[in-house]
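Note sheet for the following structure.
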Amino acid sequence: MKLRSLVLAAGLAALASTGLADGHGGKVKVGMITTLSGGGAGLGIDVRDGFMLAAKMAGNDNLEVVIEDDQRKPEIAVQLADKMIQSEKVDVMTGIIWSNLAMAVVPAATAQGKFYLSPNAGPSALAGKGCHPLYFNVAWQNDNLHEAAGAYAKEAGYQNSFILAPNYPAGQDALTGYKRMYDGALAGEIYTKLGQTDYAAEIAQIRASGADSVFFFLPGGMGISFLKQYAGSGVDLPVVGPAFSFDQGILQAVGDAALGVKNTSQWNKDLDNAANKAFVEAFQAEYGRLPSLYASQGFDTANLLLSAMAKADVSDTDAFRAALAEAEFDSVRGDFKFGSNQHPVQNFYVREVIKEGDVFTNKIISASLTDHADAYASECTY
Amino acid sequence: MTRESLINTALFLMLPLTAGAAWMLDEPFIITLATKVAILALAGVGLNIALGLGGLVSLGHAAFFGIGGYAMGILAHHAQNYTPLMEAPFLIEGTNAMPIIWLVAVIAGALAALAIGALSLRTSGVYFIMITLAFGQMLYYFAISWPAYGGEDGLSIYVRNGFPGLNTLDPVQFFAIAFVILAVTLFAAGRLAASAFGLALSAARQNAVRVETVGLSPYRLRLLAFVISGAITALAGALFADLNRFVSPTMFSWQMSGEIMIFVILGGVGRLYGPVAGAALFILLEHVLGGLSDFWHVYLGILLLLVVLFARGGMIGSLAGREVAHD
Amino acid sequence: MSTILLIEQVLNGLQFGVMLFLMAAGLTLIFGVMGLINLAHGSLYMIGAFAAAAVAGATGSFLLAIIASLAAAAAAGALVELVVIRRLYDRDHLDQVLATFALILIFSEGTRWVFGSFPLFLDIPAALSGPVMLPGGIQYPAYRLLIIAIGLLIAFGLFQLIAKTRIGIQIRAGESDREMIAALGVDISKLYTIVFALGAGLAGLAGALVGAIQSVQVGMGEPVLILAFVVIVIGGIGSIKGALVGALLVGLTDTLGGVLLPGFFATFMEPSAATAVGSSLASMSIYILMAGVLLFRPTGLYGTA
């Protein structure tokens with residue numbers, strides 16, 4: 001691995017030199033590439049709004065943010081990254097929502113000497129062998145929420161889970177993560193088609209399988225479809241899943257079908273700390289809607305960056321990196337620190353979907369994993 | 001010189017001039033954009049041989065674009081990790097030499113086009129559009145669910161592949177490579193259209209029965225055109241993957257097929273330089289409109305619609321007048 | 001796999017097929033009568049779902065929502081026909097593909113502009129939620145049974161419309177000889193608008209019916225659109241009967257392929273590899289089916305050359 005890093009450093013020297021040459025004198029220019037149009041736009045908008053809210057609240061004139069829309073297409077993201085680096089000459093990059101886009105952009109960006117702060121995606125390759133000194137993940141490693149779900153299933157005494165996820169790398173990671181913490185038997189393990197909207201066939205299999213619980217990872221519209229169809233099927237096994245299918249942005253579209261479902265997350269709006277209270281209040285005041293998980297991650301990302309800016313100049317790469325690694329900011333998650341691979345070591349909670357007035361939202365019912373690090377940290381050597 | 005050839009010359013010079021100006025102004029991203037135009041235009045030139053010359057409306061050219069991309073991705077991935085591509089029955093090593101990658105991409109694209117074309121050309125009209133689409137979708141879903149090369153995540157190649165004597169990471173030098181390939185292909189495509197084969201192909205598009213009566217097989221003519229077309233588009237795919245240093249199943253998506261088709265139609269179907277004009281306009285729009293609004297697709301859609309409805313013959317057709325159309 | 005499970009899966013395949021038929025019927029009618037490839041048909045499906053969600057949200061009535069979906073999609077269809085599509089009839093397929101591709105862009109992002117980036121809520125009425133017990137001890141969701149019933153009813157209605165009514169005669173005449181029926185004094189442009197609105201309305205209805213058990217979001221129409229194209233190509237373009245047979249074939253292949261293929265491979269492969277190979281092949285199955293049909297019948301099952 002070391003060898004490859006060296007090759008990278010040498011090979012990209014030509015590009016890197018243009019980027020590193022200019023200092024900004026205390027100023028930091030951030031390039032945010034995120035999804036603002038098309039099907040997954042809700043997530044990117046939340047990350048952007050959370051990030052910009054933190055920037056606004058801090059009122060720091062030294063922070064400049066350039067925002068671009070990747071349309072959820074990896075090719076576009078790569079080209080925007082080129083633009084950010086070659087043309088905008090940013091110091092720090094952030095914003096990417098999807099793991100496949102992160103895999104396309106992050107290694108090249110960090111190899112060219114740019115800091116990358118991930119507000120959402122945490123693919124295992126970047127946490128383990130592919131880790132990089134300039135790459136910080138402020139959200140979670142992809143497996144984490146699924147591990148928390150597995151831990152919850154174990155604690156709840158489930159013995160025979162039926163698990164399903166889309167047939168793509170993040171889906172495979174999800175099932176692996178769940179199985180890492182869950183130690184009962186599996187009534188079934190299914191990979192569905194990515195983008196699938198009808199789950200009648202899978203639900204029939206669940207019904208016939210004799211399972212005592214269901215774990216699913218179906219992000220976005222897939223989860224909405226699954227939950228609505230599951231609720232109408234008459235199968236009433238307990239369901240558990242990661243927070244993605246139960247987040248503020250899509251809960252209203254799921255409706256009653258989600259009520260009472262347990263899901264796992266590192267954040268919720270009722271987490272009891274001052275930073276979170278201020279965040280939830282300010283977000284509602286600014287945008288007129290409840291903040292989501294993604295908004296909280298965007299907010300934390302900006303605050304992490306601001307905390308490092310207060311301590312070091314971005315042109316001094318080592319000092320700035322050390323300042324980021326200290327993570328001395330008031331996270332809306334409460335305690336927050338980085339592990340050896342610069343991924344969070346944090347608490348995960350079990351949430352339950354409830355109805356507050358007319359609005360569906362979550363409340364925390366118990367802790368799932370405490371000070372939990374990811375499984376790949378030991379593979380990471382800088 | 002006719003008006004069309006004047007326009008063609010201007011179009012041809014536009015790319016290196018833009019890249020040169022950007023180089024002098026130290027705006028490497030503009031060079032990257034110009035490179036993207038050159039590569040996408042190359043894909044369009046490939047499609048145009050099937051579409052314009054052969055009258056074969058293929059909505060599945062993303063298949064070849066993606067095959068070229070993955071030829072680059074797979075070879076470079078193995079070279080990057082020092083693992084052989086195949087050990088039995090004989091050893092095949094990965095490579096990061098562009099010429100070899102191009103050769104593999106062209107051969108793979110041609111073979112795929114031979115297989116897909118041989119089956120698809122049994123149909124015609126809308127059925128042909130749809131069966132090519134189906135083959136593209138098959139490859140798309142295959143690429144997504146095939147875990148060996150990253151599935152939906154795709155493959156990242158961290159260092160651009162090498163070309164003897166050049167630093168391919170320098171935007172200008174990589175642009176030069178892409179542009180020279182485009183220029184050579186344009187020249188070859190022009191000769192092809194004027195050759196006996198090209199004339200027979202055009203004739204088969206206009207009146208298949210007549211071609212048959214002089215003893216030529218329209219099926220074989222079209223199949224050969226489809227194979228050449230697929231091979232060129234695959235070469236463009238390999239270059240596109242190298243531009244991004246990344247390849248993913250989206251290169252196989254039907255929207256990609258649609259975009260390549262848009263380049264051809266925007267510029268003018270069957271016109272040699274049509275794809276160059278179309279790709280340049282499309283990238284320009286994407287770049288300019290994308291900065292204006294989150295909802296820029298609406299404007300792009302309206303613009304496309306206006307072009308189809310009111311600027312028949314595409315950009316070149318409108319500028320050059322209809323009298324010099326391809327047939 | 002038990003027989004009960006297999007029957008349930010066949011029902012699921014049927015329900016999916018019937019849904020596809022609603023989409024494909026409009027598409028194939030429009031192609032048959034006007035010779036037009038309409039890529040924007042998926043957008044009309046989306047418009048139906050969004051209209052239903054908006055009306056259901058405002059009034060709370062599912063019935064009104066369904067009516068609104070029909071009306072909104074038909075109106076949008078008529079409008080698009082009058083403003084854009086009508087200029088495309090005498091163009092080649094290429095121009096039609098590009099123009100309707102442009103319409104997709106406009107509709108998708110326009111909808112996001114109006115309704116925002118988050119999925120909308122649309123649920124089935126309480127009376128229809130939950131399963132019913134079928135003979136043989138099969139539990140099946142009531143709403144899905146209703147979809148099958150509605151779909152078959154509409155299929156029957158369409159056949160009657162085309163076989164028995166005056167407009168049906170004009171449609172059939174239009175399919176066989178466009179110039180002639182114009183010469184006979186039929187108001188051809190009115191006929192075209194009606195047919196287009198009818199196809200759009202059916203797509204909108206499908207969007208609303210399906211939206212209630214899926215996610216109402218921008219871009220929901222495109223995957224269905226591709227499937228609907230597969231359906232009409234298998235069935236033979238222009239043939240309503242072909243659309244019905246094709247839709248059921250595709251629905252059953254897709255559902256049963258996803259269920260049976262992994263199990264089939266598991267009989268001679270290790271489980272994880274079998275799941276991977278089976279799922280990959282299942283996601284390609286309908287395209288393989290389509291290519292197979294076209295190889296033996298280049299104009300589809302019921303198409304005429």
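Residue numbering restarts at 1 for every chain of the structure tokens, chains are lettered A, B, ... in their displayed order, and ligands are numbered from 1 as they appear.
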Per residue of chain A within 6 Å of chain B, record the nearest atom pair and its distance in Å to one decimal, counting only C-alpha atoms, with rows in chain order and ascending residue number, as CSV.
```
residue,atom,partner,partner_atom,distance
A:Lys83,CA,B:Phe29,CA,5.3
A:Gln86,CA,B:Phe29,CA,5.6
A:Ser87,CA,B:Phe29,CA,5.5
A:Asn100,CA,B:Asp153,CA,4.0
A:Ala104,CA,B:Ser156,CA,5.6
A:Ala108,CA,B:Tyr158,CA,5.9
A:Tyr168,CA,B:Glu152,CA,5.7
```
Just the selected residues (N, CA and C atoms), exported as an mmCIF file, in the first residue's frame, please.
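Produced file selection23.cif, reproduced below:
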```cif
data_model
loop_
_atom_site.group_PDB
_atom_site.id
_atom_site.type_symbol
_atom_site.label_atom_id
_atom_site.label_comp_id
_atom_site.auth_asym_id
_atom_site.auth_seq_id
_atom_site.Cartn_x
_atom_site.Cartn_y
_atom_site.Cartn_z
ATOM 1 N N LYS A 83 -12.646 20.665 -11.818
ATOM 2 C CA LYS A 83 -12.907 22.101 -11.885
ATOM 3 C C LYS A 83 -12.550 22.774 -10.559
ATOM 4 N N GLN A 86 -8.596 22.533 -10.360
ATOM 5 C CA GLN A 86 -7.811 23.223 -11.378
ATOM 6 C C GLN A 86 -8.209 24.683 -11.525
ATOM 7 N N SER A 87 -9.512 24.929 -11.447
ATOM 8 C CA SER A 87 -9.994 26.250 -11.811
ATOM 9 C C SER A 87 -10.319 27.091 -10.571
ATOM 10 N N ASN A 100 -20.413 5.636 -4.304
ATOM 11 C CA ASN A 100 -19.748 5.427 -5.591
ATOM 12 C C ASN A 100 -19.147 6.722 -6.114
ATOM 13 N N ALA A 104 -15.043 7.752 -6.584
ATOM 14 C CA ALA A 104 -14.528 8.314 -7.828
ATOM 15 C C ALA A 104 -13.750 9.596 -7.591
ATOM 16 N N ALA A 108 -8.559 10.769 -5.787
ATOM 17 C CA ALA A 108 -7.849 11.695 -6.665
ATOM 18 C C ALA A 108 -7.658 13.048 -5.992
ATOM 19 N N TYR A 168 -25.790 -4.070 -4.815
ATOM 20 C CA TYR A 168 -24.691 -3.194 -5.196
ATOM 21 C C TYR A 168 -23.769 -3.090 -3.988
#
```
Taking only C-alpha atoms into account, which residues of chain C are within 6 Å of chain B, as a ChimeraX atom specification?
/C:99,102,105-106,109,280,284,287,298
Go ahead and write the residues just picked, N, CA and C atoms, as an mmCIF file, in the first residue's frame.
```cif
data_model
loop_
_atom_site.group_PDB
_atom_site.id
_atom_site.type_symbol
_atom_site.label_atom_id
_atom_site.label_comp_id
_atom_site.auth_asym_id
_atom_site.auth_seq_id
_atom_site.Cartn_x
_atom_site.Cartn_y
_atom_site.Cartn_z
ATOM 1 N N ALA C 99 -37.052 15.011 -29.259
ATOM 2 C CA ALA C 99 -38.028 15.980 -28.740
ATOM 3 C C ALA C 99 -38.685 15.453 -27.473
ATOM 4 N N ALA C 102 -36.389 15.627 -24.603
ATOM 5 C CA ALA C 102 -36.384 16.987 -24.059
ATOM 6 C C ALA C 102 -37.582 17.205 -23.146
ATOM 7 N N LEU C 105 -36.932 15.944 -19.664
ATOM 8 C CA LEU C 105 -36.135 16.880 -18.862
ATOM 9 C C LEU C 105 -37.025 17.979 -18.297
ATOM 10 N N ILE C 106 -37.888 18.525 -19.166
ATOM 11 C CA ILE C 106 -38.739 19.632 -18.732
ATOM 12 C C ILE C 106 -39.703 19.175 -17.638
ATOM 13 N N GLU C 109 -37.725 18.041 -14.092
ATOM 14 C CA GLU C 109 -37.208 19.129 -13.273
ATOM 15 C C GLU C 109 -38.303 20.141 -12.965
ATOM 16 N N SER C 280 -28.073 -11.234 -10.724
ATOM 17 C CA SER C 280 -27.618 -10.542 -11.934
ATOM 18 C C SER C 280 -28.444 -10.975 -13.128
ATOM 19 N N MET C 284 -31.405 -9.030 -15.714
ATOM 20 C CA MET C 284 -31.287 -8.959 -17.171
ATOM 21 C C MET C 284 -32.381 -9.753 -17.875
ATOM 22 N N TYR C 287 -34.805 -8.350 -20.573
ATOM 23 C CA TYR C 287 -34.151 -7.910 -21.805
ATOM 24 C C TYR C 287 -33.739 -9.109 -22.641
ATOM 25 N N PRO C 298 -39.276 -10.838 -35.621
ATOM 26 C CA PRO C 298 -38.692 -9.484 -35.656
ATOM 27 C C PRO C 298 -39.701 -8.352 -35.488
#
```
Determine the nearest neighbour of chain C from the options A:Phe336, A:Phe348, A:Tyr287, A:Tyr191, counting only C-alpha atoms.
A:Tyr191
Distance table requested - chain A against chain C, cut-off 10 Å, only C-alpha atoms: one row per qualifying residue with the closest atom pair and its distance in Å to one decimal, ordered by chain and rising residue number, as a tab-separated table.
```
residue	atom	partner	partner_atom	distance
A:Leu36	CA	C:Ser117	CA	8.6
A:Ser37	CA	C:Glu109	CA	7.7
A:Gly38	CA	C:Val218	CA	7.0
A:Gly39	CA	C:Val218	CA	5.8
A:Gly40	CA	C:Ser117	CA	7.8
A:Ala41	CA	C:Ser117	CA	5.8
A:Gly42	CA	C:Ser117	CA	5.1
A:Leu43	CA	C:Phe118	CA	8.8
A:Gly44	CA	C:Ser117	CA	9.9
A:Ile45	CA	C:Ser117	CA	8.4
A:Pro166	CA	C:Ser279	CA	9.9
A:Asn167	CA	C:Ser279	CA	7.5
A:Glu189	CA	C:Thr275	CA	8.7
A:Ile190	CA	C:Thr275	CA	7.6
A:Tyr191	CA	C:Ser279	CA	6.8
A:Thr192	CA	C:Ser279	CA	7.2
A:Lys193	CA	C:Ser283	CA	6.5
A:Leu194	CA	C:Ser283	CA	9.1
A:Gly195	CA	C:Pro223	CA	8.4
A:Gln196	CA	C:Pro223	CA	9.0
A:Thr197	CA	C:Gln214	CA	6.3
A:Asp198	CA	C:Gln214	CA	7.2
A:Tyr199	CA	C:Asn12	CA	9.2
A:Ala200	CA	C:Asn12	CA	6.2
A:Ala201	CA	C:Gln9	CA	5.8
A:Glu202	CA	C:Val259	CA	7.9
A:Ile203	CA	C:Gln9	CA	9.8
A:Ala204	CA	C:Leu5	CA	6.7
A:Gln205	CA	C:Leu5	CA	7.3
A:Arg207	CA	C:Leu5	CA	8.9
A:Ala208	CA	C:Leu5	CA	6.9
A:Gly220	CA	C:Pro119	CA	8.7
A:Gly221	CA	C:Ser215	CA	5.3
A:Met222	CA	C:Ser215	CA	7.3
A:Gly223	CA	C:Ser215	CA	8.4
A:Ile224	CA	C:Ser215	CA	5.5
A:Ser225	CA	C:Gln214	CA	3.9
A:Phe226	CA	C:Gln214	CA	7.3
A:Leu227	CA	C:Gln214	CA	8.7
A:Lys228	CA	C:Ile213	CA	5.5
A:Gln229	CA	C:Ile213	CA	5.6
A:Tyr230	CA	C:Ile213	CA	9.3
A:Ala231	CA	C:Gly130	CA	7.3
A:Gly232	CA	C:Gly130	CA	4.5
A:Ser233	CA	C:Pro141	CA	5.2
A:Gly234	CA	C:Gly130	CA	5.3
A:Val235	CA	C:Pro131	CA	8.9
A:Gln248	CA	C:Phe118	CA	9.9
A:Gly249	CA	C:Phe118	CA	6.2
A:Ile250	CA	C:Pro119	CA	6.3
A:Leu251	CA	C:Phe121	CA	8.9
A:Gln252	CA	C:Phe121	CA	6.2
A:Ala253	CA	C:Phe121	CA	3.8
A:Val254	CA	C:Phe121	CA	6.4
A:Gly255	CA	C:Phe121	CA	6.9
A:Asp256	CA	C:Asp123	CA	8.9
A:Ala257	CA	C:Asp123	CA	9.1
```
Residues of the last selection are to be written out with C-alpha atoms, as a PDB file, in the first residue's frame.
```
ATOM      1  CA  LEU A  36     -28.894  19.103  -5.996  1.00  0.00           C
ATOM      2  CA  SER A  37     -30.931  17.887  -8.952  1.00  0.00           C
ATOM      3  CA  GLY A  38     -32.657  14.661  -9.886  1.00  0.00           C
ATOM      4  CA  GLY A  39     -33.968  11.877  -7.661  1.00  0.00           C
ATOM      5  CA  GLY A  40     -31.549  12.058  -4.741  1.00  0.00           C
ATOM      6  CA  ALA A  41     -31.516  15.842  -4.486  1.00  0.00           C
ATOM      7  CA  GLY A  42     -33.163  15.933  -1.050  1.00  0.00           C
ATOM      8  CA  LEU A  43     -30.060  14.538   0.642  1.00  0.00           C
ATOM      9  CA  GLY A  44     -27.655  16.925  -1.012  1.00  0.00           C
ATOM     10  CA  ILE A  45     -29.862  19.905  -0.284  1.00  0.00           C
ATOM     11  CA  PRO A 166     -30.055  -3.871  -3.103  1.00  0.00           C
ATOM     12  CA  ASN A 167     -27.512  -5.742  -5.165  1.00  0.00           C
ATOM     13  CA  GLU A 189     -30.809 -13.220   2.678  1.00  0.00           C
ATOM     14  CA  ILE A 190     -31.907 -11.442  -0.483  1.00  0.00           C
ATOM     15  CA  TYR A 191     -30.286  -8.981  -2.841  1.00  0.00           C
ATOM     16  CA  THR A 192     -32.880  -6.948  -4.710  1.00  0.00           C
ATOM     17  CA  LYS A 193     -32.463  -5.024  -7.912  1.00  0.00           C
ATOM     18  CA  LEU A 194     -31.102  -1.515  -7.475  1.00  0.00           C
ATOM     19  CA  GLY A 195     -33.927   0.971  -7.976  1.00  0.00           C
ATOM     20  CA  GLN A 196     -36.568  -1.726  -7.583  1.00  0.00           C
ATOM     21  CA  THR A 197     -39.966  -0.364  -6.653  1.00  0.00           C
ATOM     22  CA  ASP A 198     -42.074  -3.450  -6.126  1.00  0.00           C
ATOM     23  CA  TYR A 199     -41.299  -5.770  -3.239  1.00  0.00           C
ATOM     24  CA  ALA A 200     -44.315  -8.057  -3.370  1.00  0.00           C
ATOM     25  CA  ALA A 201     -42.132 -11.044  -4.273  1.00  0.00           C
ATOM     26  CA  GLU A 202     -39.704 -10.400  -1.429  1.00  0.00           C
ATOM     27  CA  ILE A 203     -42.494  -9.839   1.085  1.00  0.00           C
ATOM     28  CA  ALA A 204     -44.052 -13.135   0.060  1.00  0.00           C
ATOM     29  CA  GLN A 205     -40.728 -14.817   0.715  1.00  0.00           C
ATOM     30  CA  ARG A 207     -43.974 -14.397   4.969  1.00  0.00           C
ATOM     31  CA  ALA A 208     -43.059 -17.935   3.972  1.00  0.00           C
ATOM     32  CA  GLY A 220     -34.474   6.574  -0.788  1.00  0.00           C
ATOM     33  CA  GLY A 221     -37.574   5.678  -2.744  1.00  0.00           C
ATOM     34  CA  MET A 222     -36.847   1.961  -2.479  1.00  0.00           C
ATOM     35  CA  GLY A 223     -37.398   2.098   1.289  1.00  0.00           C
ATOM     36  CA  ILE A 224     -40.623   4.070   0.944  1.00  0.00           C
ATOM     37  CA  SER A 225     -41.988   1.483  -1.457  1.00  0.00           C
ATOM     38  CA  PHE A 226     -40.928  -1.429   0.718  1.00  0.00           C
ATOM     39  CA  LEU A 227     -42.424  -0.037   3.904  1.00  0.00           C
ATOM     40  CA  LYS A 228     -45.761   0.864   2.337  1.00  0.00           C
ATOM     41  CA  GLN A 229     -46.073  -2.540   0.727  1.00  0.00           C
ATOM     42  CA  TYR A 230     -44.914  -4.319   3.874  1.00  0.00           C
ATOM     43  CA  ALA A 231     -47.536  -2.519   5.935  1.00  0.00           C
ATOM     44  CA  GLY A 232     -50.260  -3.604   3.505  1.00  0.00           C
ATOM     45  CA  SER A 233     -49.136  -7.210   3.349  1.00  0.00           C
ATOM     46  CA  GLY A 234     -50.341  -8.334   6.743  1.00  0.00           C
ATOM     47  CA  VAL A 235     -46.902  -9.594   7.702  1.00  0.00           C
ATOM     48  CA  GLN A 248     -37.005  13.404   8.280  1.00  0.00           C
ATOM     49  CA  GLY A 249     -36.964  14.013   4.542  1.00  0.00           C
ATOM     50  CA  ILE A 250     -38.810  10.849   3.578  1.00  0.00           C
ATOM     51  CA  LEU A 251     -40.795   9.878   6.685  1.00  0.00           C
ATOM     52  CA  GLN A 252     -43.740  12.040   5.623  1.00  0.00           C
ATOM     53  CA  ALA A 253     -43.894  10.101   2.365  1.00  0.00           C
ATOM     54  CA  VAL A 254     -43.955   6.764   4.196  1.00  0.00           C
ATOM     55  CA  GLY A 255     -46.669   7.838   6.591  1.00  0.00           C
ATOM     56  CA  ASP A 256     -48.317   5.503   9.080  1.00  0.00           C
ATOM     57  CA  ALA A 257     -46.502   2.510   7.625  1.00  0.00           C
TER      58      ALA A 257
END
```
Residue list (strand (DSSP E or B), DSSP) for region 107-228 of chain B, as a count of residues only
5
Please, what distance in Å, to one decimal, runs between CA of Tyr349 (chain A) and CA of Ser99 (chain A)?
22.7 Å
Write out as a PyMOL selection string the set of residues from region 188-318 of chain A that DSSP, computed on the backbone, places in alpha helix (DSSP H).
chain A and resi 200-209+221-233+248-254+274-287+293-311+317-318
Do you know which residues are at most 12 Å from Asp177 (chain C) counting only C-alpha atoms, after dropping those on the same chain fewer than 3 positions away, and could you put them as a VMD selection string?
chain C and resid 32 to 35 170 to 174 180 to 184 188
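Our summary of the geometry notes that CA of Pro169 (chain A) is positioned 26.6 Å from CA of Gly109 (chain B).
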